[in-house]
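Undergrad: Structure file coords.pdb, PDB, C-alpha atoms, is pasted below:
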```pdb
ATOM      1  CA  MET A  76       0.000   0.000   0.000
ATOM      2  CA  GLU A  77       1.431   3.371  -0.980
ATOM      3  CA  GLU A  78       2.148   5.902   1.742
ATOM      4  CA  TYR A  79       0.511   9.268   1.752
ATOM      5  CA  SER A  80       2.955  12.139   2.299
ATOM      6  CA  SER A  81       1.501  15.468   3.352
ATOM      7  CA  GLY A  82       1.612  18.217   0.786
ATOM      8  CA  ASP A  83       1.163  15.848  -2.156
ATOM      9  CA  ASP A  84      -2.101  15.452  -3.993
ATOM     10  CA  VAL A  85      -3.997  12.321  -3.047
ATOM     11  CA  ASN A  86      -3.365   9.876  -5.849
ATOM     12  CA  LEU A  87      -5.991   7.582  -7.310
ATOM     13  CA  PHE A  88      -4.377   4.432  -5.912
ATOM     14  CA  PHE A  89      -4.560   5.726  -2.352
ATOM     15  CA  TYR A  90      -8.106   6.921  -2.978
ATOM     16  CA  ILE A  91      -9.267   3.530  -4.193
ATOM     17  CA  ASN A  92      -7.599   1.568  -1.473
ATOM     18  CA  THR A  93      -8.870   3.569   1.467
ATOM     19  CA  VAL A  94     -11.746   5.926   0.814
ATOM     20  CA  ILE A  95     -13.624   3.867  -1.744
ATOM     21  CA  LYS A  96     -12.812   0.521  -0.111
ATOM     22  CA  SER A  97     -14.236   1.507   3.265
ATOM     23  CA  SER A  98     -17.408   2.821   1.651
ATOM     24  CA  ILE A  99     -17.758  -0.360  -0.441
ATOM     25  CA  VAL A 100     -17.255  -2.623   2.592
ATOM     26  CA  SER A 101     -19.985  -0.865   4.566
ATOM     27  CA  LEU A 102     -22.217  -0.847   1.489
ATOM     28  CA  LEU A 103     -21.826  -4.623   0.981
ATOM     29  CA  LYS A 104     -22.465  -5.371   4.661
ATOM     30  CA  PHE A 105     -25.617  -3.280   4.440
ATOM     31  CA  CYS A 106     -26.781  -5.219   1.336
ATOM     32  CA  ILE A 107     -26.105  -8.621   2.919
ATOM     33  CA  GLU A 108     -27.830  -7.684   6.186
ATOM     34  CA  GLY A 109     -30.794  -6.392   4.275
ATOM     35  CA  VAL A 110     -31.289  -9.680   2.422
ATOM     36  CA  ILE A 111     -30.253 -12.530   4.742
ATOM     37  CA  GLY A 112     -29.841 -10.821   8.123
ATOM     38  CA  GLY A 113     -31.888 -12.682  10.724
ATOM     39  CA  THR A 114     -32.791 -15.644   8.458
ATOM     40  CA  ASP A 115     -31.739 -19.292   8.588
ATOM     41  CA  TYR A 116     -30.371 -21.237   5.627
ATOM     42  CA  ASN A 117     -33.175 -22.292   3.292
ATOM     43  CA  GLN A 118     -32.450 -24.350   0.178
ATOM     44  CA  ASN A 119     -35.576 -23.030  -1.581
ATOM     45  CA  LYS A 120     -34.716 -19.393  -1.075
ATOM     46  CA  ILE A 121     -30.953 -19.444  -1.623
ATOM     47  CA  ASN A 122     -31.302 -18.660  -5.335
ATOM     48  CA  GLN A 123     -33.401 -15.611  -4.631
ATOM     49  CA  TRP A 124     -31.092 -14.436  -1.849
ATOM     50  CA  THR A 125     -27.901 -14.532  -3.904
ATOM     51  CA  ALA A 126     -29.670 -12.770  -6.788
ATOM     52  CA  SER A 127     -30.886 -10.022  -4.431
ATOM     53  CA  ILE A 128     -27.491  -9.534  -2.821
ATOM     54  CA  VAL A 129     -25.756  -9.209  -6.201
ATOM     55  CA  GLU A 130     -28.456  -6.921  -7.602
ATOM     56  CA  HIS A 131     -28.535  -4.605  -4.578
ATOM     57  CA  SER A 132     -24.734  -4.425  -4.463
ATOM     58  CA  LEU A 133     -24.528  -3.446  -8.120
ATOM     59  CA  THR A 134     -27.277  -0.846  -7.746
ATOM     60  CA  HIS A 135     -25.503   0.789  -4.830
ATOM     61  CA  LEU A 136     -22.141   0.629  -6.598
ATOM     62  CA  VAL A 137     -23.633   2.448  -9.589
ATOM     63  CA  LYS A 138     -24.964   5.142  -7.259
ATOM     64  CA  LEU A 139     -21.380   5.880  -6.134
ATOM     65  CA  GLY A 140     -20.977   7.372  -9.603
ATOM     66  CA  ARG A 141     -17.353   6.298 -10.144
ATOM     67  CA  PRO A 142     -15.930   5.524 -13.619
ATOM     68  CA  PHE A 143     -15.472   1.803 -12.947
ATOM     69  CA  LYS A 144     -16.720  -1.483 -14.355
ATOM     70  CA  TYR A 145     -17.745  -3.824 -11.533
ATOM     71  CA  ILE A 146     -17.768  -7.598 -11.037
ATOM     72  CA  VAL A 147     -19.634  -8.797  -7.934
ATOM     73  CA  ASN A 148     -19.263 -12.405  -6.786
ATOM     74  CA  CYS A 149     -21.455 -13.745  -3.970
ATOM     75  CA  SER A 150     -21.171 -17.197  -2.301
ATOM     76  CA  VAL A 151     -23.557 -18.426   0.366
ATOM     77  CA  MET A 152     -22.769 -21.722   2.091
ATOM     78  CA  GLN A 153     -24.616 -23.663   4.731
ATOM     79  CA  LYS A 154     -22.767 -24.101   8.032
ATOM     80  CA  SER A 155     -22.076 -27.776   8.478
ATOM     81  CA  GLY A 156     -18.396 -28.049   9.264
ATOM     82  CA  ALA A 157     -17.329 -28.306   5.616
ATOM     83  CA  GLY A 158     -14.295 -26.390   4.418
ATOM     84  CA  LEU A 159     -14.308 -23.819   1.624
ATOM     85  CA  HIS A 160     -11.302 -22.118   0.032
ATOM     86  CA  THR A 161     -11.519 -19.159  -2.318
ATOM     87  CA  ALA A 162      -8.696 -17.441  -4.162
ATOM     88  CA  ASN A 163      -8.528 -14.707  -6.763
ATOM     89  CA  SER A 164      -5.731 -13.531  -8.990
ATOM     90  CA  CYS A 165      -5.856 -10.381 -11.111
ATOM     91  CA  TYR A 166      -3.910  -9.083 -14.096
ATOM     92  CA  TRP A 167      -4.614  -5.344 -14.164
ATOM     93  CA  ASP A 168      -3.247  -1.918 -13.419
ATOM     94  CA  THR A 169      -2.713  -1.786  -9.663
ATOM     95  CA  THR A 170      -2.768   2.021  -9.650
ATOM     96  CA  THR A 171      -6.327   2.298 -10.982
ATOM     97  CA  ASP A 172      -8.065  -1.043 -10.296
ATOM     98  CA  GLY A 173      -8.872  -2.747  -7.009
ATOM     99  CA  SER A 174     -10.933  -5.347  -5.200
ATOM    100  CA  CYS A 175     -12.435  -5.954  -1.793
ATOM    101  CA  THR A 176     -13.981  -8.943  -0.062
ATOM    102  CA  VAL A 177     -16.521  -9.036   2.745
ATOM    103  CA  ARG A 178     -17.155 -12.109   4.914
ATOM    104  CA  TRP A 179     -20.383 -12.381   6.877
ATOM    105  CA  GLU A 180     -21.869 -15.184   8.911
ATOM    106  CA  ASN A 181     -24.773 -16.002  11.139
ATOM    107  CA  ARG A 182     -25.838 -19.101  13.022
ATOM    108  CA  THR A 183     -26.598 -21.227   9.948
ATOM    109  CA  MET A 184     -24.652 -19.883   6.989
ATOM    110  CA  TYR A 185     -21.578 -18.102   5.647
ATOM    111  CA  CYS A 186     -21.677 -15.383   3.007
ATOM    112  CA  VAL A 187     -18.642 -14.132   1.076
ATOM    113  CA  VAL A 188     -19.039 -11.215  -1.341
ATOM    114  CA  SER A 189     -16.172  -9.970  -3.522
ATOM    115  CA  VAL A 190     -16.203  -6.832  -5.639
ATOM    116  CA  PHE A 191     -13.656  -6.210  -8.405
ATOM    117  CA  ALA A 192     -13.509  -2.673  -9.779
ATOM    118  CA  VAL A 193     -11.756  -2.089 -13.110
ATOM    119  CA  ALA A 194     -11.233   1.486 -14.263
ATOM    120  CA  MET A 195     -12.818   2.623 -17.517
TER
ATOM    121  CA  MET B 265     -18.558  54.075 -38.331
ATOM    122  CA  ALA B 266     -19.461  53.367 -41.925
ATOM    123  CA  ASP B 267     -15.736  53.307 -42.785
ATOM    124  CA  LEU B 268     -15.083  50.697 -40.117
ATOM    125  CA  VAL B 269     -17.810  48.452 -41.467
ATOM    126  CA  ARG B 270     -16.496  48.863 -45.016
ATOM    127  CA  ASP B 271     -12.944  48.023 -43.895
ATOM    128  CA  LYS B 272     -14.154  44.925 -42.095
ATOM    129  CA  ARG B 273     -16.045  43.733 -45.178
ATOM    130  CA  GLU B 274     -12.989  44.322 -47.383
ATOM    131  CA  LYS B 275     -10.826  42.319 -44.980
ATOM    132  CA  GLN B 276     -13.283  39.409 -45.054
ATOM    133  CA  GLU B 277     -13.358  39.487 -48.849
ATOM    134  CA  LYS B 278      -9.550  39.433 -48.932
ATOM    135  CA  LYS B 279      -9.538  36.298 -46.723
ATOM    136  CA  VAL B 280     -11.912  34.541 -49.068
ATOM    137  CA  ASP B 281      -9.757  35.485 -52.105
ATOM    138  CA  LYS B 282      -6.736  33.741 -50.509
ATOM    139  CA  MET B 283      -8.359  30.332 -51.067
ATOM    140  CA  PRO B 284      -7.349  28.712 -54.347
ATOM    141  CA  ALA B 285      -9.705  29.100 -57.236
ATOM    142  CA  ASP B 286     -10.597  25.413 -57.527
ATOM    143  CA  GLY B 287     -11.827  25.431 -53.868
ATOM    144  CA  THR B 288      -9.486  22.676 -52.544
ATOM    145  CA  ARG B 289      -8.084  23.195 -49.076
ATOM    146  CA  ASP B 290      -4.714  22.306 -47.606
ATOM    147  CA  LYS B 291      -5.513  18.725 -46.578
ATOM    148  CA  GLU B 292      -2.800  18.527 -43.926
ATOM    149  CA  LYS B 293      -4.203  21.484 -42.042
ATOM    150  CA  HIS B 294      -7.713  20.109 -42.393
ATOM    151  CA  TYR B 295      -7.069  16.631 -40.928
ATOM    152  CA  ASN B 296      -4.569  17.375 -38.181
ATOM    153  CA  SER B 297      -6.108  18.199 -34.876
ATOM    154  CA  VAL B 298      -3.300  19.710 -32.735
ATOM    155  CA  ILE B 299      -0.552  22.210 -33.599
ATOM    156  CA  PHE B 300       2.440  22.776 -31.279
ATOM    157  CA  TYR B 301       4.319  26.055 -31.474
ATOM    158  CA  VAL B 302       7.947  25.857 -30.198
ATOM    159  CA  LEU B 303      10.361  28.754 -29.731
ATOM    160  CA  THR B 304      14.190  29.024 -29.701
ATOM    161  CA  PHE B 305      15.862  25.816 -30.833
ATOM    162  CA  LYS B 306      19.373  26.864 -29.886
ATOM    163  CA  CYS B 307      20.088  23.552 -28.255
ATOM    164  CA  LEU B 308      19.433  21.824 -31.584
ATOM    165  CA  GLY B 309      21.816  24.211 -33.373
ATOM    166  CA  ILE B 310      19.006  25.887 -35.229
ATOM    167  CA  HIS B 311      19.787  29.544 -34.633
ATOM    168  CA  ASN B 312      17.927  31.255 -37.401
ATOM    169  CA  VAL B 313      14.617  29.547 -36.942
ATOM    170  CA  ARG B 314      12.475  31.160 -34.290
ATOM    171  CA  SER B 315       9.593  28.777 -34.381
ATOM    172  CA  ILE B 316       8.818  25.284 -35.587
ATOM    173  CA  PHE B 317       5.321  24.025 -36.269
ATOM    174  CA  VAL B 318       4.676  20.386 -35.432
ATOM    175  CA  PHE B 319       1.517  18.720 -36.756
ATOM    176  CA  VAL B 320       0.215  15.819 -34.694
ATOM    177  CA  ARG B 321      -2.525  13.419 -35.735
ATOM    178  CA  VAL B 322      -4.561  11.988 -32.847
ATOM    179  CA  CYS B 323      -5.896   8.420 -33.248
ATOM    180  CA  VAL B 324      -8.406   6.745 -30.909
ATOM    181  CA  GLN B 325      -9.125   2.988 -30.765
ATOM    182  CA  THR B 326     -12.872   2.507 -30.340
ATOM    183  CA  GLY B 327     -12.988  -1.267 -29.721
ATOM    184  CA  PRO B 328     -10.862  -4.372 -29.176
ATOM    185  CA  SER B 329      -8.682  -5.323 -32.157
ATOM    186  CA  LYS B 330      -8.895  -8.977 -31.161
ATOM    187  CA  PRO B 331     -11.954 -10.506 -29.404
ATOM    188  CA  PHE B 332     -11.381 -12.400 -26.168
ATOM    189  CA  PRO B 333     -10.946 -16.126 -27.014
ATOM    190  CA  VAL B 334     -13.468 -17.704 -24.654
ATOM    191  CA  THR B 335     -13.082 -21.224 -26.080
ATOM    192  CA  ASP B 336      -9.287 -21.178 -25.627
ATOM    193  CA  VAL B 337      -9.681 -20.027 -22.029
ATOM    194  CA  LEU B 338     -12.276 -22.755 -21.386
ATOM    195  CA  LYS B 339      -9.788 -25.311 -22.714
ATOM    196  CA  ILE B 340      -7.115 -23.960 -20.337
ATOM    197  CA  LEU B 341      -9.525 -24.155 -17.393
ATOM    198  CA  LYS B 342     -10.561 -27.733 -18.192
ATOM    199  CA  GLU B 343      -6.968 -28.919 -18.642
ATOM    200  CA  GLU B 344      -5.642 -27.329 -15.476
ATOM    201  CA  ILE B 345      -8.511 -28.232 -13.182
ATOM    202  CA  ASP B 346      -9.076 -31.801 -14.395
ATOM    203  CA  ASN B 347      -5.359 -32.638 -14.354
ATOM    204  CA  LYS B 348      -4.684 -31.180 -10.922
ATOM    205  CA  LEU B 349      -7.804 -32.378  -9.097
ATOM    206  CA  GLN B 350      -8.351 -35.821 -10.609
ATOM    207  CA  GLY B 351      -8.154 -38.316  -7.750
ATOM    208  CA  GLU B 352      -7.600 -35.663  -5.077
ATOM    209  CA  LYS B 353      -9.218 -35.951  -1.670
ATOM    210  CA  TYR B 354     -10.208 -32.872   0.311
ATOM    211  CA  GLU B 355      -7.598 -31.890   2.914
ATOM    212  CA  ALA B 356      -7.614 -28.430   4.468
ATOM    213  CA  GLN B 357      -3.956 -27.511   3.942
ATOM    214  CA  ARG B 358      -3.595 -29.224   0.567
ATOM    215  CA  SER B 359      -6.808 -27.674  -0.787
ATOM    216  CA  ARG B 360      -5.674 -24.257   0.345
ATOM    217  CA  GLU B 361      -2.413 -24.628  -1.571
ATOM    218  CA  LEU B 362      -4.229 -26.070  -4.589
ATOM    219  CA  THR B 363      -6.603 -23.084  -4.722
ATOM    220  CA  LEU B 364      -3.732 -20.605  -4.737
ATOM    221  CA  THR B 365      -1.666 -22.624  -7.223
ATOM    222  CA  LEU B 366      -4.571 -23.115  -9.624
ATOM    223  CA  CYS B 367      -5.365 -19.410  -9.508
ATOM    224  CA  GLU B 368      -1.814 -18.376 -10.398
ATOM    225  CA  VAL B 369      -1.372 -21.049 -13.062
ATOM    226  CA  ILE B 370      -4.636 -20.162 -14.821
ATOM    227  CA  LYS B 371      -3.805 -16.451 -14.715
ATOM    228  CA  ASN B 372      -0.331 -17.035 -16.178
ATOM    229  CA  ARG B 373      -1.666 -19.220 -18.986
ATOM    230  CA  VAL B 374      -4.345 -16.676 -19.903
ATOM    231  CA  LYS B 375      -1.670 -13.949 -19.847
ATOM    232  CA  GLN B 376       0.379 -16.003 -22.329
ATOM    233  CA  LEU B 377      -2.482 -15.733 -24.829
ATOM    234  CA  GLN B 378      -1.471 -12.036 -24.995
ATOM    235  CA  ILE B 379      -4.832 -10.508 -25.716
ATOM    236  CA  PRO B 380      -4.183  -6.751 -25.821
ATOM    237  CA  ARG B 381      -6.030  -4.253 -23.579
ATOM    238  CA  TYR B 382      -7.902  -6.879 -21.549
ATOM    239  CA  ARG B 383      -7.810  -6.981 -17.750
ATOM    240  CA  ILE B 384      -8.080 -10.510 -16.323
ATOM    241  CA  VAL B 385      -9.633 -11.573 -13.008
ATOM    242  CA  VAL B 386      -9.444 -15.253 -12.018
ATOM    243  CA  LYS B 387     -11.551 -16.660  -9.190
ATOM    244  CA  VAL B 388     -11.232 -20.235  -7.859
ATOM    245  CA  HIS B 389     -13.391 -21.933  -5.202
ATOM    246  CA  ILE B 390     -12.512 -25.353  -3.786
ATOM    247  CA  GLY B 391     -14.813 -26.835  -1.170
ATOM    248  CA  GLN B 392     -15.476 -30.044   0.681
ATOM    249  CA  ILE B 393     -18.580 -32.116  -0.073
ATOM    250  CA  ILE B 394     -20.401 -33.405   3.017
ATOM    251  CA  GLY B 395     -23.953 -32.778   1.941
ATOM    252  CA  GLN B 396     -24.113 -29.038   2.647
ATOM    253  CA  GLY B 397     -25.687 -26.580   0.262
ATOM    254  CA  ILE B 398     -23.731 -23.809  -1.462
ATOM    255  CA  GLN B 399     -24.597 -21.252  -4.114
ATOM    256  CA  THR B 400     -22.229 -18.909  -5.929
ATOM    257  CA  ARG B 401     -23.456 -16.115  -8.158
ATOM    258  CA  SER B 402     -21.690 -13.398 -10.157
ATOM    259  CA  GLY B 403     -23.106 -10.124 -11.381
ATOM    260  CA  PHE B 404     -21.471  -7.579 -13.674
ATOM    261  CA  LEU B 405     -21.720  -3.941 -14.567
ATOM    262  CA  TRP B 406     -19.757  -3.788 -17.808
ATOM    263  CA  ASP B 407     -19.991  -3.504 -21.565
ATOM    264  CA  PRO B 408     -21.387  -6.850 -22.789
ATOM    265  CA  SER B 409     -20.132  -6.281 -26.338
ATOM    266  CA  THR B 410     -16.463  -6.326 -25.239
ATOM    267  CA  ASP B 411     -16.370  -7.945 -21.785
ATOM    268  CA  THR B 412     -16.956 -11.636 -21.105
ATOM    269  CA  PHE B 413     -16.179 -14.567 -18.815
ATOM    270  CA  ALA B 414     -15.403 -18.298 -18.955
ATOM    271  CA  SER B 415     -16.290 -20.742 -16.197
ATOM    272  CA  HIS B 416     -15.645 -24.420 -15.483
ATOM    273  CA  SER B 417     -16.565 -26.629 -12.530
ATOM    274  CA  PHE B 418     -15.324 -30.018 -11.385
ATOM    275  CA  LYS B 419     -16.649 -32.454  -8.812
ATOM    276  CA  ASN B 420     -15.517 -35.763  -7.326
ATOM    277  CA  ASP B 421     -16.540 -37.713  -4.199
ATOM    278  CA  SER B 422     -14.868 -35.466  -1.661
ATOM    279  CA  LEU B 423     -14.427 -32.046  -3.209
ATOM    280  CA  PHE B 424     -15.778 -29.636  -5.777
ATOM    281  CA  CYS B 425     -14.029 -26.854  -7.663
ATOM    282  CA  CYS B 426     -15.447 -23.863  -9.504
ATOM    283  CA  ALA B 427     -13.133 -21.576 -11.508
ATOM    284  CA  THR B 428     -14.073 -18.429 -13.425
ATOM    285  CA  VAL B 429     -12.036 -16.103 -15.609
ATOM    286  CA  PHE B 430     -13.440 -12.615 -16.173
ATOM    287  CA  ALA B 431     -12.097 -10.460 -19.015
ATOM    288  CA  VAL B 432     -12.726  -6.708 -18.942
ATOM    289  CA  TYR B 433     -11.714  -4.493 -21.860
ATOM    290  CA  PHE B 434      -9.759  -1.370 -21.001
ATOM    291  CA  GLU B 435     -11.076   1.514 -23.131
TER
END
```
Show the structure stored in the file as structure tokens.
TA:
Amino acid sequence: MEEYSSGDDVNLFFYINTVIKSSIVSLLKFCIEGVIGGTDYNQNKINQWTASIVEHSLTHLVKLGRPFKYIVNCSVMQKSGAGLHTANSCYWDTTTDGSCTVRWENRTMYCVVSVFAVAM
Amino acid sequence: MADLVRDKREKQEKKVDKMPADGTRDKEKHYNSVIFYVLTFKCLGIHNVRSIFVFVRVCVQTGPSKPFPVTDVLKILKEEIDNKLQGEKYEAQRSRELTLTLCEVIKNRVKQLQIPRYRIVVKVHIGQIIGQGIQTRSGFLWDPSTDTFASHSFKNDSLFCCATVFAVYFE
């Protein structure tokens, strides 16, 4: 992560990795809570839940009004002691593009949402 | 006042007369969009010339020169995943390493295809199968005419793997 030295203009890299990231994290948590907060895992509704989370996330990301293309990936898994590993690798411009991941859980399920933002 | 107006009209008429009789214009001046005006080229040894005009033509690429080869990327995904995970059993540490390795290997192979102006994002999930439910969904806000993805999944008795490659065009 680049350091910010006083007197310089805030560069885009710093902006993405702190200001935007913190707003995106809180935005995603808000979307997840709004859809599956307070519910238990339900096989019949899981399709609808993931669709809502992705749709709400994208809508709120658009409202930020930044010149980015977004990819939102949402995984919801039932809590049963099984293991899950997720990895991502990106080939892009690290000064203008970025990603963030939010993990959320309740009593019966895990939810992992990743957002990749690629500059236009 | 009347003199001023007459002078102005005469000047405008003179400008029009400067154009050649057949009406053709200087094509270079017409097509070039930016003109740079540079003073004092002493360092280049040009002492007598006070100014040099440089004409620059600006070109803009409006779309990808080469479309993203989805079928080639699918082939890469199938080869890598099926070769690496065939006969594997789920183990926490091993699966963790496999996820990271697969991710890097797939990214490097897609990079070798050398598709210009495309940004690549590779996502790999490996999970254990013990009867639990899981759903993964992706949504995009991009230009569907240039941006695309390729996805492949694999399953055996003890583990499943889902890998996706997203390609986003940089305008």
Undergrad: Between A:Val137, A:Ile121, A:Ile107, A:Val193, which residue has the minimum interatomic distance to A:Thr171, considering only C-alpha atoms?
TA: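 Nearest to A:Thr171: A:Val193.
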Undergrad: Taking the file as I've supplied it (selection: the PyMOL selection byres ((chain B and resi 425) around 6)), which residues are included? Please answer as a VMD selection string.
TA: chain B and resid 389 to 390 417 to 418 424 426
Undergrad: Could you check the closest approach to B:Tyr433 for each of A:Tyr145, A:Gly173, A:Gly156, A:Asn119 and tell me which residue wins, using all atoms listed in the file?
TA: A:Tyr145
Undergrad: Determine the residue membership of the ChimeraX specification (/A :<9) & /B for the file above and supply it as a VMD selection string.
TA: chain B and resid 354 to 356 359 to 360 363 to 364 366 to 368 370 to 372 375 382 to 407 430 432 to 435
Undergrad: Tell me which of A:Lys104, A:Lys120, A:Arg141, A:His135 sits closest to A:Glu180, counting only C-alpha atoms.
TA: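 The shortest atom-to-atom distance to A:Glu180 comes from A:Lys104.
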Undergrad: Please measure the separation of atom CA of B:Ala431 and atom CA of B:Cys323, giving the value in Å to one decimal.
TA: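 Rounded to one decimal, the two atoms are 24.4 Å apart.
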Undergrad: To one decimal in Å, tell me the separation between atom CA of B:Leu362 and atom CA of B:Gln376.
TA: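 The value is 20.9 Å.
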